[in-house]
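Asker: Structure in structure tokens, see below.
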Amino acid sequence: MAISNLPKFRLSTRHWISHKKHMSCLFHRLWAIVASVSLLAVTSPSAAQHQVIDLNGDWYFALDPVDEGEQYGWNSVPENWDGMAPIASEKWDTVTVPHDFLSDPRYEWTGTVWYRKSIQVPDGGDEAVYRLQFERVATKCDVWVNGKKMGSHQGAYTPFELDISQVVRPGRYNHLAISVSNRREIGDIPGPRLATDSHNQIVAWLNYGGILAPARLAISSPVYVVNQKVDANPVLPEGSAELTITALLRNGSSKPKSVKVGCAVSRDGEPSKAIQNGIPQQIIEINAKDQVSVEFRCALAKENVDLWSPDTPELYISKISVASEGGKNHSRSNTFGIRTIEVKGTRLLLNGEQIRLAGANRVEGHPETGALEPPEIVDLDMGLMKRAHLEMHRLQHYPVSQQMLDWADRHGMLIVCEAPCWNLHPAELSDARYRSNFTAQFTEMIQSSWNHPSVIAWSVGNEYESWTAEGVDWTRTFAALAKQLDETRPTTFPAVNHAPGQDAPSLERRSMHWVDFISLNQYSSVDTAARNLDLIHQRWPNKPVMLTEFGRRIDQVSAEQRIQHFQGMLKVVRDREFVAGMSYWSFNDYRSRYPGTNANGYRPWGIVGPNREPRSLYYTMKQELAPAFIKIIQKEPLVVEVQARQEFPSMTLRNYLVRAIDSEAQQLGRTTVPTLKPGDSTLIELDVVGGARVQLVRPTGFVSTEIGI
């Protein structure tokens, strides 16, 4: 069954919550349906494979301006090539994968391109399964191996894999050819909309293109682990935790198999510490070319449970192992965190405690690397946000890369993940092509991201015409699909500016009714934003609200006016307890072709520029959004008052420390701060004489705030 033919689900959130057992059955059935397609969503390759061949590095490359590469045989094996040596270039260029051809100064291309490569494939033994794995190819691609078409994929942001076992030639060089197009066409997500004016046809972010993230060839035993889902549920009063781990196994061979499946849980780290090896193994029968799900349950004692949060990003590892006849084994490991995320009335609760935090919207792209996200760019961007206390975001309009989610897991950020539905009108919202593409990308996004503790919610789109009948049906359908795939996270969507003022005969005929919390993008005056937030709260008094976008362009107002607008919006949020978060548009200036873009190709909305140089508003945020204050009470000996902020942003502070440093940033003394709930304060004494500054440091090592002595 193709992903595009998945049933459309129209059940309310309340229905799902009251029927968890029924939902669990539907979850397993839906997973089996989705997994039956030839393109399988895969998670970040933390898996221990039988063998992995890195496909990064040099590839031959050519533009295809007339879209006739296949007719010309560019997908075919060169004549007289026997696979005993690498193929020759045939006058093609050479590029380095990961590669973004839109940002490559040699091309800056929109259209179809080709990548070709020959790889030496070792012999994996009888019945070995050979899979090509791609983390991200933008936007549409077709893949050939040794001249045979293996499959296609659409969507620029989600991982996929292809089983090439039937055509691979072990022990020889094999020919790979991939055609990739970044051209946006009607029905694509994202793509041009069914509108007559140019403003409504253009997507606001660039159509980066290419093999944008690592690719590999995985060679495994015939029965292997495709994916796993870890539901870690802490029992908050006792401090223990209950784990439900569901593994999806596939038999890639032409014969039925009997395998022994095991599961082990350990703490993440070097070396990892096993904490749960006593989970009973299961013997599973799998038919040829079939897949089954296997569920493991276990409990973790209090001494083995550390809850994940922005200040305590503790991670664990779940390892699924498969043992087949003849010593053919396979295993897959994924990290996860133990935490709860819950909507309760107007409050958003993390581990049972209310959180109200700020964030910023990041648009992909850097002047030096384009859409590629090497570790140094991920660390730069995410670190800048973390240091300015921007750590709860609907980060971007499309799925976040696995590299960014890994960073968020390990350093403590809260992210709402969104599939790329932006500004769709009723004609697109009801169009089968758009719905099919969105279903596939939304499903792949959830399946590849559901083990990340940093992911706290799923968004079903952004700024679409949610007040129309078509918009309500879209919201209800995909919010229900999210619950079927993952019941542990709430749903939302950012509504456009004027959505709150749109009338409807009943709340059930408004999209905001069908999600767990309400998100609002508000490009307006401070007074208008306040009125719209109050209107939403009046209609839905038992739902939290997030202000997911607001801001001013640096070329349209002065720096001081920009700061004043931010401070005004911050006061609006601080005065309204039902607002759980606010996220600024945008973190960075970004390239675009959208009308109104500056002549240099950038839209200057950022609190940092294209090269990430902070602007004055960045430093204002760093001060205004700090979760605590420090104050010098006495200099000799040094006595400092620490107070957790009562107003927005607010969270409980645990395991913070106060330290004094000299003019060269050398530590003179330090002491731990007791747990502080919002509004609490304490006095800290340090046996220090002299010094230059006092810092309040978070458990993750980031400086929360500092003052001179």
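Identifiers for the structure tokens are assigned positionally: chains receive A, B, ... in sequence, residues are indexed from 1 per chain, and ligands are indexed from 1 in the order shown.
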Excluding same-chain residues fewer than 4 positions from Gly187 in chain A, what lies within 10 Å of it counting only C-alpha atoms, as a list in words?
Answerer: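 Listing them by chain and then by number gives Gly191, Pro192, Arg193, Leu194, Glu428, Asp431, Ala432, Arg433, Tyr434, Arg435, Ser436, Asn437 and Phe438 of chain A.
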Asker: Excluding Ile661 in chain A and residues on its chain fewer than 5 positions from it, collect all residues at most 7 Å away from it, counting only C-alpha atoms, and give them as a list in words.
Answerer: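 Within the cut-off, the hits are Gln666, Gln667, Leu668, Gly691, Ala692, Arg693 and Val694 of chain A.
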Asker: Which residues come within 8 Å of range 629-634 of chain A, counting only C-alpha atoms, excluding same-chain residues fewer than 4 positions away, as number ranges by chain?
Answerer: A: 638-645, 696, 705-707, 709
Asker: Quick one: everything within 8 Å of range 541-553 of chain A, counting only C-alpha atoms, minus sequence neighbours fewer than 4 positions away in the same chain. Send it as a PyMOL selection string.
Answerer: chain A and resi 343-348+361+393-394+494+516-524+533+536-537+557+562+565-566+578-586+603-606
Asker: How would the residues just chosen look if you wrote them out with N, CA, C and O atoms as a short mmCIF file (atom, residue, chain, number, x, y, z; two decimals), in the first residue's frame?
Answerer:
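Listed below is the output, selection-v1.cif:
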data_model
loop_
_atom_site.label_atom_id
_atom_site.label_comp_id
_atom_site.auth_asym_id
_atom_site.auth_seq_id
_atom_site.Cartn_x
_atom_site.Cartn_y
_atom_site.Cartn_z
N VAL A 343 -0.06 18.69 28.09
CA VAL A 343 -0.90 19.88 28.10
C VAL A 343 -1.96 19.69 29.17
O VAL A 343 -2.72 18.72 29.14
N LYS A 344 -1.99 20.59 30.12
CA LYS A 344 -2.95 20.50 31.21
C LYS A 344 -3.57 21.88 31.41
O LYS A 344 -2.93 22.79 31.94
N GLY A 345 -4.80 22.02 30.95
CA GLY A 345 -5.42 23.34 30.98
C GLY A 345 -4.63 24.29 30.11
O GLY A 345 -4.30 23.98 28.97
N THR A 346 -4.31 25.46 30.64
CA THR A 346 -3.53 26.44 29.87
C THR A 346 -2.04 26.29 30.09
O THR A 346 -1.27 27.13 29.64
N ARG A 347 -1.63 25.20 30.74
CA ARG A 347 -0.21 25.04 31.06
C ARG A 347 0.43 23.96 30.19
O ARG A 347 -0.18 22.94 29.91
N LEU A 348 1.66 24.21 29.80
CA LEU A 348 2.49 23.21 29.15
C LEU A 348 3.45 22.68 30.21
O LEU A 348 4.22 23.45 30.79
N ASN A 361 12.99 31.30 15.37
CA ASN A 361 12.82 30.49 14.17
C ASN A 361 14.08 30.58 13.31
O ASN A 361 14.50 31.67 12.93
N HIS A 393 11.17 26.24 20.54
CA HIS A 393 10.88 26.83 19.24
C HIS A 393 10.02 25.90 18.39
O HIS A 393 10.09 24.69 18.50
N ARG A 394 9.25 26.48 17.50
CA ARG A 394 8.87 25.81 16.27
C ARG A 394 10.00 26.23 15.33
O ARG A 394 9.95 27.26 14.70
N PRO A 494 0.81 26.70 13.56
CA PRO A 494 0.83 28.16 13.69
C PRO A 494 -0.20 28.80 12.77
O PRO A 494 -0.15 28.65 11.54
N ASP A 516 -3.92 20.27 20.26
CA ASP A 516 -3.79 20.27 21.72
C ASP A 516 -3.42 21.63 22.29
O ASP A 516 -3.82 21.96 23.41
N PHE A 517 -2.60 22.38 21.56
CA PHE A 517 -2.36 23.76 21.98
C PHE A 517 -2.33 24.65 20.75
O PHE A 517 -2.12 24.19 19.63
N ILE A 518 -2.59 25.92 20.96
CA ILE A 518 -2.78 26.86 19.86
C ILE A 518 -1.51 27.66 19.65
O ILE A 518 -0.87 28.11 20.61
N SER A 519 -1.14 27.82 18.39
CA SER A 519 0.03 28.63 18.03
C SER A 519 -0.43 29.76 17.13
O SER A 519 -1.29 29.58 16.26
N LEU A 520 0.18 30.91 17.32
CA LEU A 520 -0.23 32.10 16.57
C LEU A 520 0.99 32.86 16.08
O LEU A 520 1.90 33.16 16.85
N ASN A 521 1.02 33.17 14.78
CA ASN A 521 2.01 34.06 14.19
C ASN A 521 1.42 35.46 14.16
O ASN A 521 0.33 35.65 13.60
N GLN A 522 2.11 36.45 14.71
CA GLN A 522 1.51 37.76 14.91
C GLN A 522 2.45 38.87 14.46
O GLN A 522 3.31 39.32 15.22
N TYR A 523 2.34 39.27 13.20
CA TYR A 523 3.08 40.43 12.69
C TYR A 523 2.16 41.63 12.78
O TYR A 523 1.39 41.92 11.85
N SER A 524 2.21 42.29 13.90
CA SER A 524 1.23 43.33 14.17
C SER A 524 1.79 44.28 15.21
O SER A 524 2.91 44.12 15.70
N LEU A 533 -4.54 37.47 21.18
CA LEU A 533 -4.28 36.46 22.20
C LEU A 533 -5.45 36.35 23.17
O LEU A 533 -5.86 35.23 23.55
N ILE A 536 -8.36 34.50 21.46
CA ILE A 536 -8.14 33.05 21.45
C ILE A 536 -8.42 32.46 22.83
O ILE A 536 -9.09 31.43 22.96
N HIS A 537 -7.91 33.12 23.87
CA HIS A 537 -8.11 32.60 25.23
C HIS A 537 -9.59 32.61 25.62
O HIS A 537 -10.07 31.71 26.32
N VAL A 557 12.83 49.21 10.34
CA VAL A 557 12.74 49.99 11.58
C VAL A 557 14.16 50.17 12.10
O VAL A 557 15.09 49.47 11.68
N ARG A 562 13.16 48.21 17.01
CA ARG A 562 13.06 46.75 17.00
C ARG A 562 13.10 46.21 18.43
O ARG A 562 12.33 45.32 18.80
N HIS A 565 9.81 47.00 20.18
CA HIS A 565 8.72 46.11 19.78
C HIS A 565 8.85 44.76 20.48
O HIS A 565 7.86 44.21 20.98
N PHE A 566 10.08 44.24 20.53
CA PHE A 566 10.28 42.97 21.24
C PHE A 566 9.90 43.10 22.71
O PHE A 566 9.21 42.24 23.27
N PHE A 578 -1.52 32.21 30.28
CA PHE A 578 -1.90 31.14 29.36
C PHE A 578 -0.95 31.04 28.16
O PHE A 578 -1.03 30.08 27.39
N VAL A 579 -0.05 32.00 27.99
CA VAL A 579 0.93 31.94 26.89
C VAL A 579 2.14 31.15 27.38
O VAL A 579 2.86 31.58 28.28
N ALA A 580 2.36 30.00 26.76
CA ALA A 580 3.42 29.09 27.20
C ALA A 580 4.77 29.41 26.60
O ALA A 580 5.80 29.01 27.14
N GLY A 581 4.78 30.11 25.45
CA GLY A 581 6.06 30.38 24.82
C GLY A 581 5.94 31.44 23.75
O GLY A 581 4.85 31.75 23.27
N MET A 582 7.09 31.99 23.37
CA MET A 582 7.15 32.96 22.28
C MET A 582 8.42 32.70 21.48
O MET A 582 9.46 32.37 22.04
N SER A 583 8.33 32.82 20.17
CA SER A 583 9.46 32.50 19.31
C SER A 583 9.61 33.57 18.24
O SER A 583 8.66 33.85 17.49
N TYR A 584 10.78 34.16 18.18
CA TYR A 584 11.02 35.33 17.32
C TYR A 584 11.29 34.91 15.88
O TYR A 584 11.96 33.90 15.61
N TRP A 585 10.76 35.70 14.95
CA TRP A 585 11.11 35.54 13.54
C TRP A 585 12.04 36.69 13.15
O TRP A 585 11.62 37.83 13.13
N SER A 586 13.28 36.36 12.86
CA SER A 586 13.85 35.03 12.80
C SER A 586 15.20 35.06 13.52
O SER A 586 15.70 36.12 13.88
N ARG A 603 16.62 38.26 3.26
CA ARG A 603 15.54 38.89 4.02
C ARG A 603 16.07 39.15 5.43
O ARG A 603 16.33 38.21 6.18
N PRO A 604 16.24 40.42 5.81
CA PRO A 604 16.96 40.76 7.05
C PRO A 604 16.06 40.77 8.29
O PRO A 604 15.92 41.79 8.96
N TRP A 605 15.50 39.63 8.62
CA TRP A 605 14.67 39.51 9.82
C TRP A 605 15.49 39.08 11.03
O TRP A 605 14.97 39.07 12.16
N GLY A 606 16.73 38.67 10.86
CA GLY A 606 17.45 37.95 11.89
C GLY A 606 17.91 38.79 13.07
O GLY A 606 18.19 39.99 12.95
#
Asker: If we count only C-alpha atoms and set the cut-off at 10 Å, which residues sit around Val121 in chain A, ignoring sequence neighbours fewer than 3 positions away in its own chain? Please answer as a PyMOL selection string.
Answerer: chain A and resi 53+118+124+130+168-174+217+219
Asker: Between A:Ile415, A:Met84, A:Leu63, A:Leu132, which is the closest to Tyr107 in chain A once you count only C-alpha atoms?
Answerer: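 Among the listed residues, the smallest separation from Tyr107 in chain A belongs to A:Leu63.
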Asker: Taking only C-alpha atoms into account, name the residue in A:Asn423, A:Asn80, A:Thr158, A:Thr700 that is nearest to His199 in chain A.
Answerer: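 With only C-alpha atoms as the atom set, the closest residue is A:Asn423.
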Asker: Find, counting only C-alpha atoms, the residue in A:Arg136, A:His99, A:Lys622, A:Arg698 that gets nearest to Gln403 in chain A.
Answerer: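 Closest to Gln403 in chain A of all the choices is A:Arg136.
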Asker: For Val455 in chain A, find every residue with an atom within 10 Å (counting only C-alpha atoms), except residues of its own chain fewer than 4 positions away, and show them as number ranges by chain.
Answerer: A: 341, 392-394, 400, 405, 408-409, 413-417, 446, 449-451, 489
Asker: Choose the residue, out of A:Leu243, A:Ile377, A:Trp205, A:Arg332, that has the smallest atom-to-atom separation from His397 in chain A; count only C-alpha atoms.
Answerer: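 Residue with the minimum atom-to-atom distance to His397 in chain A: A:Trp205.
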Asker: Ranking A:Ala264, A:Leu350, A:Val460, A:Val573 by minimum distance to Thr335 in chain A and counting only C-alpha atoms, which one comes first?
Answerer: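 With only C-alpha atoms as the atom set, the closest residue is A:Ala264.
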Asker: Out of A:Gln120, A:Asn233, A:Ser89, A:Gln564, which residue has the shortest atom-to-atom distance to Thr488 in chain A when counting only C-alpha atoms?
Answerer: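 Among the listed residues, the smallest separation from Thr488 in chain A belongs to A:Asn233.
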Asker: Using only C-alpha atoms, which protein or nucleic acid residues come within 12 Å of Ser165 in chain A? Drop anything in the same chain fewer than 5 positions from it, and give the result as a PyMOL selection string.
Answerer: chain A and resi 121+123-132+145-146+148+150+170+174+217-222+252-254+289
Asker: Taking the backbone alone, and naming residues the way the document does, which bits of range 154-338 of chain A are helix (DSSP H, G or I) by DSSP, as an NGL selection string?
Answerer: :A and (198-200 or 302-304 or 325-327)
Asker: Please, what distance in Å, to one decimal, runs between CA of Ala156 in chain A and CA of Leu372 in chain A?
Answerer: 12.1 Å
Asker: Going by DSSP on the backbone, which residues of range 184-272 of chain A come out as strand (DSSP E)? List them as a PyMOL selection string.
Answerer: chain A and resi 210-211+215-220+223-235+240-251+257-267
Asker: Please measure the separation of CA of Glu647 in chain A and CA of Glu391 in chain A, giving the value in Å to one decimal.
Answerer: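 Going from CA of Glu647 in chain A over to CA of Glu391 in chain A, I get 16.5 Å.
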